[in-house]
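**Student:** What follows is input.cif; its format and atoms are mmCIF, C-alpha atoms.
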data_target
#
loop_
_atom_site.label_atom_id
_atom_site.label_comp_id
_atom_site.auth_asym_id
_atom_site.auth_seq_id
_atom_site.Cartn_x
_atom_site.Cartn_y
_atom_site.Cartn_z
CA MET R 1 -7.74 42.70 132.88
CA LYS R 2 -10.13 40.23 131.38
CA ASN R 3 -13.48 40.60 132.99
CA GLU R 4 -15.46 37.44 132.36
CA SER R 5 -19.08 37.43 133.31
CA THR R 6 -20.25 35.46 136.28
CA PHE R 7 -23.47 33.48 136.16
CA ILE R 8 -25.02 32.25 139.31
CA ASP R 9 -28.28 30.57 138.46
CA VAL R 10 -30.05 29.50 141.62
CA PRO R 11 -33.22 27.37 141.20
CA ALA R 12 -36.43 29.27 141.88
CA ASP R 13 -37.99 26.79 144.28
CA SER R 14 -35.52 25.68 146.88
CA SER R 15 -35.87 22.15 148.04
CA SER R 16 -37.72 21.36 151.20
CA ALA R 17 -34.57 19.91 152.66
CA MET R 18 -32.85 23.28 152.45
CA LYS R 19 -35.93 24.99 153.88
CA GLY R 20 -36.12 22.63 156.75
CA LYS R 21 -32.51 23.16 157.76
CA ALA R 22 -32.84 26.75 158.85
CA PRO R 23 -35.15 26.35 161.88
CA LEU R 24 -32.93 23.61 163.31
CA ILE R 25 -30.16 26.10 163.80
CA GLY R 26 -32.54 28.29 165.77
CA VAL R 27 -33.52 25.36 167.95
CA ALA R 28 -29.88 24.59 168.66
CA LYS R 29 -29.36 28.15 169.84
CA ASP R 30 -32.27 27.94 172.26
CA HIS R 31 -30.85 24.77 173.69
CA THR R 32 -27.53 26.36 174.59
CA ALA R 33 -29.24 29.35 176.18
CA SER R 34 -31.36 27.20 178.45
CA GLY R 35 -28.29 25.10 179.23
CA SER R 36 -26.35 27.96 180.73
CA GLY R 37 -29.59 29.27 182.25
CA GLY R 38 -30.01 25.97 184.04
CA TYR R 39 -26.54 26.20 185.51
CA ASN R 40 -27.15 29.79 186.62
CA ARG R 41 -30.49 28.77 188.06
CA GLY R 42 -28.74 26.10 190.12
CA LEU R 43 -26.33 28.71 191.42
CA SER R 44 -29.25 31.00 192.28
CA VAL R 45 -31.02 28.27 194.22
CA PHE R 46 -27.84 27.56 196.16
CA ASP R 47 -27.50 31.30 196.76
CA PHE R 48 -31.05 31.41 198.16
CA LEU R 49 -30.40 28.51 200.51
CA LEU R 50 -27.17 30.09 201.70
CA ARG R 51 -29.06 33.27 202.45
CA LEU R 52 -31.52 31.38 204.62
CA ALA R 53 -28.60 29.84 206.50
CA ALA R 54 -26.95 33.26 206.85
CA ILE R 55 -30.17 34.69 208.33
CA VAL R 56 -30.06 32.00 210.98
CA ALA R 57 -26.37 32.61 211.72
CA ALA R 58 -26.70 36.39 211.94
CA SER R 59 -29.85 36.42 214.05
CA VAL R 60 -28.46 33.77 216.40
CA ALA R 61 -25.37 35.92 216.87
CA ALA R 62 -27.39 39.04 217.59
CA GLY R 63 -29.82 37.24 219.89
CA THR R 64 -27.15 35.41 221.88
CA MET R 65 -25.21 38.58 222.47
CA PHE R 66 -28.36 40.47 223.38
CA THR R 67 -29.39 37.96 226.03
CA SER R 68 -25.93 37.37 227.45
CA ASP R 69 -26.69 39.02 230.82
CA GLU R 70 -25.24 37.57 233.92
CA THR R 71 -25.64 38.55 237.55
CA LEU R 72 -23.32 37.05 240.08
CA PRO R 73 -25.01 35.51 243.14
CA PHE R 74 -23.13 37.77 245.62
CA PHE R 75 -23.08 41.50 245.92
CA THR R 76 -21.61 44.38 247.84
CA GLN R 77 -22.78 47.94 248.17
CA PHE R 78 -20.21 49.48 245.87
CA LEU R 79 -19.18 47.02 243.23
CA GLN R 80 -21.06 45.97 240.20
CA PHE R 81 -21.55 42.28 239.71
CA GLN R 82 -23.63 42.37 236.61
CA ALA R 83 -22.38 41.98 233.10
CA GLY R 84 -24.38 42.58 229.97
CA TYR R 85 -23.72 43.41 226.37
CA ASP R 86 -24.45 47.06 226.98
CA ASP R 87 -21.52 47.37 229.35
CA LEU R 88 -19.17 47.22 226.41
CA PRO R 89 -19.71 49.61 223.48
CA THR R 90 -18.11 47.13 221.12
CA PHE R 91 -20.74 44.56 222.00
CA GLN R 92 -23.45 47.17 221.52
CA PHE R 93 -22.07 47.79 218.04
CA PHE R 94 -22.04 44.03 217.51
CA VAL R 95 -25.72 43.60 218.39
CA ILE R 96 -26.80 46.54 216.23
CA ALA R 97 -24.64 45.49 213.29
CA MET R 98 -25.75 41.85 213.33
CA SER R 99 -29.39 42.90 213.54
CA LEU R 100 -28.88 45.17 210.53
CA VAL R 101 -27.21 42.33 208.69
CA SER R 102 -30.07 39.92 209.41
CA GLY R 103 -32.56 42.54 208.25
CA TYR R 104 -30.55 43.09 205.07
CA ILE R 105 -30.48 39.38 204.24
CA VAL R 106 -34.23 39.10 204.74
CA LEU R 107 -34.73 42.06 202.40
CA SER R 108 -32.36 40.57 199.83
CA LEU R 109 -34.36 37.33 199.61
CA PRO R 110 -36.77 38.72 196.95
CA ILE R 111 -33.85 39.80 194.78
CA SER R 112 -32.42 36.33 195.11
CA VAL R 113 -35.79 34.88 194.04
CA VAL R 114 -35.70 37.17 190.99
CA ALA R 115 -32.28 35.76 190.17
CA ILE R 116 -33.73 32.25 190.32
CA VAL R 117 -36.68 33.10 188.10
CA ARG R 118 -34.57 35.02 185.58
CA PRO R 119 -31.26 33.19 185.64
CA LEU R 120 -29.70 35.16 182.82
CA ALA R 121 -30.40 38.65 184.13
CA ALA R 122 -27.26 40.47 185.22
CA ALA R 123 -28.72 43.40 187.15
CA PRO R 124 -30.05 41.54 190.23
CA ARG R 125 -26.84 39.58 190.54
CA LEU R 126 -24.63 42.63 190.28
CA LEU R 127 -26.77 44.45 192.83
CA LEU R 128 -26.59 41.49 195.19
CA LEU R 129 -22.84 41.24 194.77
CA VAL R 130 -22.21 44.89 195.57
CA LEU R 131 -24.54 44.90 198.58
CA ASP R 132 -23.22 41.57 199.83
CA THR R 133 -19.66 42.83 199.71
CA ALA R 134 -20.48 45.93 201.72
CA VAL R 135 -22.52 43.98 204.28
CA MET R 136 -19.80 41.35 204.52
CA GLY R 137 -17.38 44.09 205.47
CA LEU R 138 -19.79 45.28 208.16
CA THR R 139 -20.29 41.76 209.52
CA MET R 140 -16.58 41.09 209.60
CA ALA R 141 -15.94 44.38 211.38
CA ALA R 142 -18.51 43.56 214.07
CA ALA R 143 -17.29 39.99 214.42
CA SER R 144 -13.61 40.77 214.73
CA SER R 145 -13.97 43.76 217.05
CA ALA R 146 -16.14 41.67 219.36
CA ALA R 147 -13.55 38.90 219.10
CA ALA R 148 -10.80 41.30 220.14
CA ILE R 149 -12.80 42.40 223.19
CA SER R 150 -13.64 38.80 224.04
CA TYR R 151 -9.97 37.96 223.85
CA VAL R 152 -9.12 40.74 226.28
CA ALA R 153 -11.96 39.65 228.54
CA HIS R 154 -10.66 36.07 228.54
CA ASN R 155 -6.97 36.77 228.89
CA GLY R 156 -6.65 40.31 230.16
CA ASN R 157 -3.60 42.38 229.40
CA GLN R 158 -0.74 42.61 231.83
CA ASN R 159 0.86 45.63 230.26
CA THR R 160 -2.21 47.80 230.62
CA ASN R 161 -3.48 46.20 233.82
CA TRP R 162 -6.73 45.12 232.21
CA LEU R 163 -8.02 42.22 234.27
CA PRO R 164 -9.69 39.23 232.63
CA ILE R 165 -13.31 39.48 233.71
CA CYS R 166 -14.20 36.05 232.39
CA GLN R 167 -12.87 34.48 235.52
CA GLN R 168 -15.85 35.90 237.36
CA PHE R 169 -18.42 36.07 234.59
CA GLY R 170 -18.17 32.63 233.08
CA ASP R 171 -21.62 32.41 231.49
CA PHE R 172 -21.42 35.90 230.06
CA CYS R 173 -18.10 35.13 228.41
CA GLN R 174 -19.37 31.83 227.08
CA LYS R 175 -22.41 33.42 225.47
CA THR R 176 -20.48 36.29 223.95
CA SER R 177 -17.89 33.90 222.54
CA GLY R 178 -20.69 31.80 221.02
CA ALA R 179 -22.17 34.92 219.46
CA VAL R 180 -18.80 35.85 217.97
CA VAL R 181 -18.34 32.36 216.50
CA SER R 182 -21.81 32.50 214.97
CA SER R 183 -21.07 35.83 213.34
CA PHE R 184 -17.86 34.43 211.84
CA VAL R 185 -19.95 31.63 210.33
CA ALA R 186 -22.18 34.31 208.81
CA VAL R 187 -19.08 35.96 207.32
CA VAL R 188 -18.07 32.68 205.67
CA PHE R 189 -21.56 32.40 204.19
CA PHE R 190 -21.25 35.92 202.81
CA MET R 191 -17.92 35.14 201.22
CA ILE R 192 -19.43 32.15 199.43
CA LEU R 193 -22.38 34.30 198.33
CA VAL R 194 -20.10 36.94 196.82
CA VAL R 195 -18.06 34.34 194.95
CA LEU R 196 -21.27 32.67 193.72
CA SER R 197 -22.56 35.95 192.34
CA GLY R 198 -19.25 36.56 190.62
CA VAL R 199 -19.24 33.12 189.00
CA ALA R 200 -22.87 33.46 187.92
CA LEU R 201 -22.18 36.87 186.39
CA LYS R 202 -19.39 35.37 184.34
CA ARG R 203 -21.61 32.82 182.66
CA HIS R 204 -24.10 34.29 180.26
CA MET F 205 -39.44 18.61 141.44
CA ALA F 206 -37.99 20.06 138.32
CA LYS F 207 -34.54 20.86 139.20
CA GLU F 208 -33.19 23.65 137.18
CA SER F 209 -29.56 23.49 136.51
CA THR F 210 -27.27 25.74 138.37
CA THR F 211 -24.54 27.32 136.44
CA ILE F 212 -21.93 29.03 138.39
CA ASP F 213 -19.46 30.45 136.00
CA VAL F 214 -16.96 32.42 137.91
CA GLY F 215 -14.61 34.20 135.66
CA GLU F 216 -11.02 34.82 136.26
CA PRO F 217 -11.04 37.10 139.23
CA SER F 218 -9.82 40.50 138.31
CA THR F 219 -7.70 42.46 140.65
CA VAL F 220 -10.59 44.87 141.09
CA THR F 221 -12.96 42.13 142.22
CA LYS F 222 -10.25 40.68 144.43
CA SER F 223 -9.55 43.93 146.18
CA SER F 224 -13.25 44.69 146.67
CA SER F 225 -13.93 41.34 148.30
CA HIS F 226 -10.86 41.81 150.42
CA VAL F 227 -12.31 45.15 151.50
CA VAL F 228 -15.58 43.45 152.43
CA VAL F 229 -13.78 40.96 154.59
CA ASP F 230 -11.68 43.72 156.02
CA GLU F 231 -14.79 45.70 156.92
CA LYS F 232 -16.30 42.71 158.60
CA GLN F 233 -13.12 42.11 160.53
CA LYS F 234 -12.98 45.79 161.31
CA LYS F 235 -16.53 45.70 162.64
CA GLY F 236 -15.63 42.74 164.76
CA ILE F 237 -12.51 44.43 166.03
CA VAL F 238 -14.38 47.66 166.74
CA ALA F 239 -17.07 45.76 168.62
CA ALA F 240 -14.46 43.91 170.60
CA ALA F 241 -12.50 47.07 171.23
CA ALA F 242 -15.62 48.92 172.39
CA GLY F 243 -16.40 46.27 174.98
CA GLY F 244 -12.70 45.74 175.50
CA GLY F 245 -12.03 49.45 175.80
CA TYR F 246 -14.56 49.83 178.57
CA LYS F 247 -13.16 46.87 180.40
CA ARG F 248 -9.63 48.01 179.77
CA GLY F 249 -10.47 51.32 181.45
CA LEU F 250 -11.84 49.42 184.44
CA ALA F 251 -8.69 47.28 184.50
CA ILE F 252 -6.46 50.33 184.54
CA PHE F 253 -8.48 51.84 187.38
CA ASP F 254 -8.19 48.50 189.18
CA PHE F 255 -4.40 48.58 188.75
CA LEU F 256 -4.13 52.12 190.09
CA LEU F 257 -6.33 51.25 193.06
CA ARG F 258 -4.07 48.33 193.82
CA LEU F 259 -1.02 50.57 193.79
CA ALA F 260 -2.74 52.99 196.17
CA ALA F 261 -3.82 50.11 198.42
CA ILE F 262 -0.23 48.79 198.51
CA GLY F 263 0.97 52.18 199.68
CA ILE F 264 -1.70 52.48 202.35
CA THR F 265 -1.33 48.97 203.73
CA ILE F 266 2.45 49.22 203.92
CA GLY F 267 1.99 52.56 205.67
CA ALA F 268 -0.52 51.13 208.16
CA SER F 269 1.63 48.15 209.00
CA SER F 270 4.81 50.16 209.47
CA VAL F 271 3.12 52.89 211.54
CA MET F 272 1.74 50.25 213.90
CA PHE F 273 5.07 48.46 213.98
CA THR F 274 6.96 51.58 215.03
CA ALA F 275 4.34 52.80 217.51
CA GLU F 276 6.48 52.67 220.60
CA GLU F 277 6.55 55.12 223.42
CA THR F 278 8.55 55.27 226.61
CA LEU F 279 7.42 57.66 229.29
CA PRO F 280 10.13 59.94 230.68
CA PHE F 281 9.68 58.78 234.28
CA PHE F 282 10.07 55.36 235.76
CA THR F 283 9.81 53.33 238.92
CA GLN F 284 11.29 50.01 239.79
CA PHE F 285 8.11 48.01 239.44
CA LEU F 286 5.83 49.55 236.90
CA GLN F 287 6.17 49.44 233.16
CA PHE F 288 6.10 52.72 231.35
CA GLN F 289 6.66 51.48 227.86
CA ALA F 290 4.04 50.79 225.29
CA GLY F 291 4.60 49.04 222.01
CA TYR F 292 2.59 47.12 219.49
CA ASP F 293 3.78 43.81 220.90
CA ASP F 294 2.10 44.52 224.21
CA PHE F 295 -1.22 43.80 222.55
CA PRO F 296 -1.83 40.50 220.76
CA THR F 297 -4.46 42.24 218.67
CA PHE F 298 -1.89 44.75 217.40
CA GLN F 299 0.51 41.91 216.67
CA PHE F 300 -2.23 40.29 214.61
CA PHE F 301 -2.79 43.64 212.91
CA VAL F 302 0.84 44.11 211.88
CA ILE F 303 1.19 40.56 210.57
CA SER F 304 -2.08 40.45 208.66
CA ILE F 305 -1.72 43.90 207.08
CA ALA F 306 1.77 42.90 205.97
CA ILE F 307 0.29 39.75 204.43
CA VAL F 308 -2.33 41.87 202.69
CA ALA F 309 0.34 44.21 201.31
CA SER F 310 2.34 41.30 199.87
CA TYR F 311 -0.85 39.78 198.41
CA LEU F 312 -1.50 43.08 196.64
CA VAL F 313 2.01 43.11 195.19
CA LEU F 314 1.53 39.53 193.98
CA SER F 315 -1.82 40.39 192.42
CA LEU F 316 -0.35 43.18 190.29
CA PRO F 317 0.62 40.79 187.43
CA PHE F 318 -2.97 39.50 187.30
CA SER F 319 -4.17 43.07 187.10
CA ILE F 320 -1.76 43.76 184.24
CA VAL F 321 -3.06 40.67 182.44
CA THR F 322 -6.61 42.04 182.68
CA ILE F 323 -5.39 45.32 181.16
CA VAL F 324 -3.66 43.55 178.29
CA ARG F 325 -6.51 41.07 177.70
CA PRO F 326 -9.62 42.95 178.74
CA LEU F 327 -12.02 40.23 177.67
CA ALA F 328 -10.39 37.38 179.54
CA VAL F 329 -12.55 36.04 182.33
CA ALA F 330 -10.21 33.80 184.31
CA PRO F 331 -7.85 36.45 185.74
CA ARG F 332 -10.78 38.62 186.80
CA LEU F 333 -12.51 35.74 188.54
CA ILE F 334 -9.30 34.80 190.34
CA LEU F 335 -8.86 38.40 191.42
CA LEU F 336 -12.47 38.60 192.61
CA ILE F 337 -12.24 35.48 194.73
CA SER F 338 -8.87 36.28 196.29
CA ASP F 339 -9.84 39.92 196.84
CA THR F 340 -12.90 38.74 198.77
CA MET F 341 -10.79 36.60 201.07
CA VAL F 342 -8.24 39.34 201.62
CA LEU F 343 -11.04 41.84 202.25
CA THR F 344 -12.25 39.75 205.18
CA LEU F 345 -8.72 39.50 206.57
CA THR F 346 -8.16 43.25 206.30
CA THR F 347 -11.52 44.05 207.85
CA ALA F 348 -10.83 41.65 210.69
CA ALA F 349 -7.46 43.22 211.47
CA ALA F 350 -8.74 46.78 211.18
CA ALA F 351 -11.86 46.19 213.27
CA ALA F 352 -10.09 44.26 216.03
CA ALA F 353 -7.41 46.94 216.30
CA ALA F 354 -10.11 49.62 216.29
CA ALA F 355 -11.85 47.91 219.21
CA ILE F 356 -8.63 47.85 221.21
CA VAL F 357 -7.81 51.45 220.29
CA TYR F 358 -11.30 52.50 221.40
CA LEU F 359 -10.77 50.68 224.67
CA ALA F 360 -7.38 52.33 225.14
CA HIS F 361 -8.90 55.75 224.53
CA ASN F 362 -12.01 55.40 226.66
CA GLY F 363 -11.45 52.52 229.02
CA ASN F 364 -14.41 50.70 230.50
CA SER F 365 -15.76 51.53 233.93
CA ASN F 366 -17.78 48.34 234.24
CA THR F 367 -14.79 46.07 233.84
CA ASN F 368 -12.32 48.45 235.46
CA TRP F 369 -10.18 48.71 232.36
CA LEU F 370 -8.34 52.00 232.52
CA PRO F 371 -7.79 54.15 229.44
CA ILE F 372 -4.06 54.06 228.87
CA CYS F 373 -4.10 56.78 226.23
CA GLN F 374 -4.07 59.39 228.93
CA GLN F 375 -0.48 58.45 229.64
CA PHE F 376 0.67 57.19 226.27
CA GLY F 377 -0.50 59.92 223.94
CA ASP F 378 1.94 59.34 221.08
CA PHE F 379 1.43 55.61 221.11
CA CYS F 380 -2.33 56.02 220.90
CA GLN F 381 -2.01 58.53 218.10
CA ALA F 382 0.18 56.20 216.05
CA THR F 383 -2.09 53.21 216.54
CA SER F 384 -5.16 55.24 215.68
CA THR F 385 -3.49 56.42 212.45
CA ALA F 386 -2.68 52.84 211.54
CA VAL F 387 -6.29 51.77 212.14
CA VAL F 388 -7.62 54.60 210.00
CA ALA F 389 -5.23 53.68 207.17
CA ALA F 390 -6.33 50.05 207.32
CA SER F 391 -9.98 51.11 207.15
CA ILE F 392 -9.25 53.16 204.02
CA SER F 393 -7.65 50.08 202.48
CA VAL F 394 -10.87 48.17 203.27
CA VAL F 395 -12.79 50.71 201.20
CA PHE F 396 -10.28 50.24 198.38
CA PHE F 397 -10.82 46.49 198.50
CA ILE F 398 -14.58 46.87 198.27
CA LEU F 399 -14.06 49.08 195.21
CA LEU F 400 -11.73 46.51 193.67
CA ILE F 401 -14.28 43.74 194.13
CA VAL F 402 -17.06 45.83 192.59
CA ILE F 403 -14.83 46.71 189.62
CA SER F 404 -14.03 43.04 189.02
CA ALA F 405 -17.72 42.16 189.20
CA VAL F 406 -18.76 44.88 186.76
CA ALA F 407 -15.99 43.88 184.37
CA LEU F 408 -17.01 40.22 184.60
CA LYS F 409 -20.52 41.04 183.52
CA ARG F 410 -20.88 40.30 179.83
CA HIS F 411 -22.66 42.75 177.60
#
Let me see the structure of the file written as C-alpha cells.
**Tutor:**
Amino acid sequence: MKNESTFIDVPADSSSAMKGKAPLIGVAKDHTASGSGGYNRGLSVFDFLLRLAAIVAASVAAGTMFTSDETLPFFTQFLQFQAGYDDLPTFQFFVIAMSLVSGYIVLSLPISVVAIVRPLAAAPRLLLLVLDTAVMGLTMAAASSAAAISYVAHNGNQNTNWLPICQQFGDFCQKTSGAVVSSFVAVVFFMILVVLSGVALKRH
Amino acid sequence: MAKESTTIDVGEPSTVTKSSSHVVVDEKQKKGIVAAAAGGGYKRGLAIFDFLLRLAAIGITIGASSVMFTAEETLPFFTQFLQFQAGYDDFPTFQFFVISIAIVASYLVLSLPFSIVTIVRPLAVAPRLILLISDTMVLTLTTAAAAAAAAIVYLAHNGNSNTNWLPICQQFGDFCQATSTAVVAASISVVFFILLIVISAVALKRH
C-alpha cells in the first residue's frame, strides 16, 4: 500500500498555558482524595463515639448483674433465702462475658483513633470489623442466654415444675432484667459498628 | 513567542499501521482486563466460597430447626396427674429457637441470588454491602436463639439447687439429646455466619 510519510512538528517551547495546565489535574486529584477521606473520617468519629457508648452499656450490664444480690428479710434453718448472680451459672457466664466485652472495647479505642487519623487505611478497619463481629457474637450469646434464664425465673415452667423465683426475689429479678436489657443495647451498638466498618471499607 | 508552525501530515493509513495501532489499543484493553480479572478473580474466589458456605449453613440450620421440632419423648409409664411427655413446645425458648432458625434458613435461601450476583460481578459493591448488613442482623438472631436454647438445655441437664429447678434430662434422655444436637448445630451455623461476614468485608476492601 502507499506509505506516505507522517510529519508531526511540535514547537520546541511549549506555551506557558499548556505548562500550567498539568499541575491543575494533580490538584483536582488531591481534592477528591481528601473528599472521601473526610467522609471516612466522619464515620470513624461516629465509630469512636459509639464505642464509648458501648463501653458504658457493657460495663453497666456487668456491674448491675454483679451487684444483684438480694437477701430476703426472713429465714429458716434449712432453706436458702439469698439470691445472687453466682447462684446461676448462666449469670456467671454473663458477668464474665460482659466484662471481657467492656475490656475489649476499651482496648479497641486506640485502633479506632488510628482509623480517625488515617481515614483511608483499610487494615485497622478490617481488623476492627472482624473483632467486632466475633465480640458481638459473644455479647449476644451472653445476653440471650441470660434472657432465657430470666424468662424462666419470671414465669417458671409448668411442664418441668420449675417455679418462678421472681415472686420471692423481686429486686434480684429486676436488677438481672435491667442488666440483660443493657447488654442488648450493647449488641445493637455492635451491630451499628460492624455496618459502619463495612461501609467505610467500601469507600476508598 | 515565536510560534513555529505545526505540520501534521498524516498519510493514508496503511493496513499495517492500522493493525499495529489496533494491537496497541488491544494491549491496553488487555492490561485493563487482566488487572480487573486479577482483582476480580480474587474476589470471585471469595464469592464462590461465600456461596458454598451459604449452602452449608442452609443445610445446618434446616437440620437444627427440624431436630428441635421433632424432639418429642413420651416416657413408657404414666400416672393420672403427672405429665410424662416432653416436646419443644413445652419450652417457650425452644419455640423461639425453632421459629427463628427457620427464619434464618429461609433468609439464607433468599440470599443465594445475591451471592450468585457477587460471583458473576465480583467488583460490584452494592450486593456485598447488602449481604454484609443483612448477615450481621441474622447473625444476632441466630446467636440469640442458639444461646437461649443452650441456657435452657444446660438447665435441663444440670438443674439448679438454689432455685430448686430439677434436671429433667435424667428422665427424658432422648429429648435432651435431640435438643442438645439442635443447639450444637445452631452454634456451628453461628460460626458460618461470622465467616460469611468476614468474607464480605475482605471482598469489600478495595485494593
**Student:** Given the choices R:Ser150, R:Thr67, R:Thr90, R:Gln168, which gets closest to chain F if the distance is worked out from all atoms listed in the file?
**Tutor:**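 Ranked by minimum distance to chain F, first place goes to R:Thr90.
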**Student:** Could you state which residues are captured by the PyMOL selection byres ((chain F and resi 353) around 10) in this file, as a ChimeraX atom specification?
**Tutor:** /R:144-145,148-149 /F:295-302,347-352,354-359,383-384,386-388,390
**Student:** Could you check the closest approach to Gly249 in chain F for each of F:Val324, F:Leu399, F:Cys380, F:Ala360 and tell me which residue wins, using only C-alpha atoms?
**Tutor:**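 The closest residue to Gly249 in chain F is F:Val324.
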**Student:** Fewer than 6 positions away in the same chain doesn't count, so skip those; otherwise give me all residues within 6 Å of range 101-112 of chain R, counting all atoms listed in the file, as a list in words.
**Tutor:**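 In the requested form, the answer reads Phe48, Ile55, Ala58 and Ser59 of chain R.
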**Student:** Pick the closest to chain R from F:Ala290, F:Ala251, F:Val308, F:Ile323: which is it, counting only C-alpha atoms?
**Tutor:** F:Ala290
**Student:** Tell me which of F:Phe397, F:Ser404, F:Asn366, F:Gln374 sits closest to Ala153 in chain R, counting all atoms listed in the file.
**Tutor:**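 Nearest candidate to Ala153 in chain R out of F:Phe397, F:Ser404, F:Asn366, F:Gln374: F:Asn366.
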**Student:** Quick one: distance from CA of Gly267 in chain F to CA of Ala389 in chain F in Å, one decimal?
**Tutor:** 7.5 Å
**Student:** Would you kindly translate the PyMOL selection byres ((chain R and resi 187) around 12) into the concrete residues it picks from this file, as an MDAnalysis selection string?
**Tutor:** (chainID R and resid 50:51 53:55 57:58 61 98 101:102 132:144 180:186 188:194) or (chainID F and resid 340:341 343:345 347:348)
**Student:** Return as a PyMOL selection string the set of residues that the PyMOL selection byres ((chain F and resi 269) around 7) yields on the displayed structure.
**Tutor:** chain F and resi 265-268+270-273+302+305-306+386
**Student:** Record the distance separating CA of Asp47 in chain R and CA of Leu336 in chain F, expressed in Å with one decimal.
**Tutor:**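 Computing it gives 17.2 Å between the two atoms.
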**Student:** Between F:Ser393, F:Ser304, F:Gln289, F:Gln381, which residue has the minimum interatomic distance to chain R, considering only C-alpha atoms?
**Tutor:** F:Gln289
**Student:** For each of R:Phe46, R:Phe169, R:Phe81, R:Trp162, take the minimum atom-to-atom distance to chain F, counting all atoms listed in the file, then give the residue where this is smallest.
**Tutor:**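 Looking only at the distances to chain F, the closest residue turns out to be R:Trp162.
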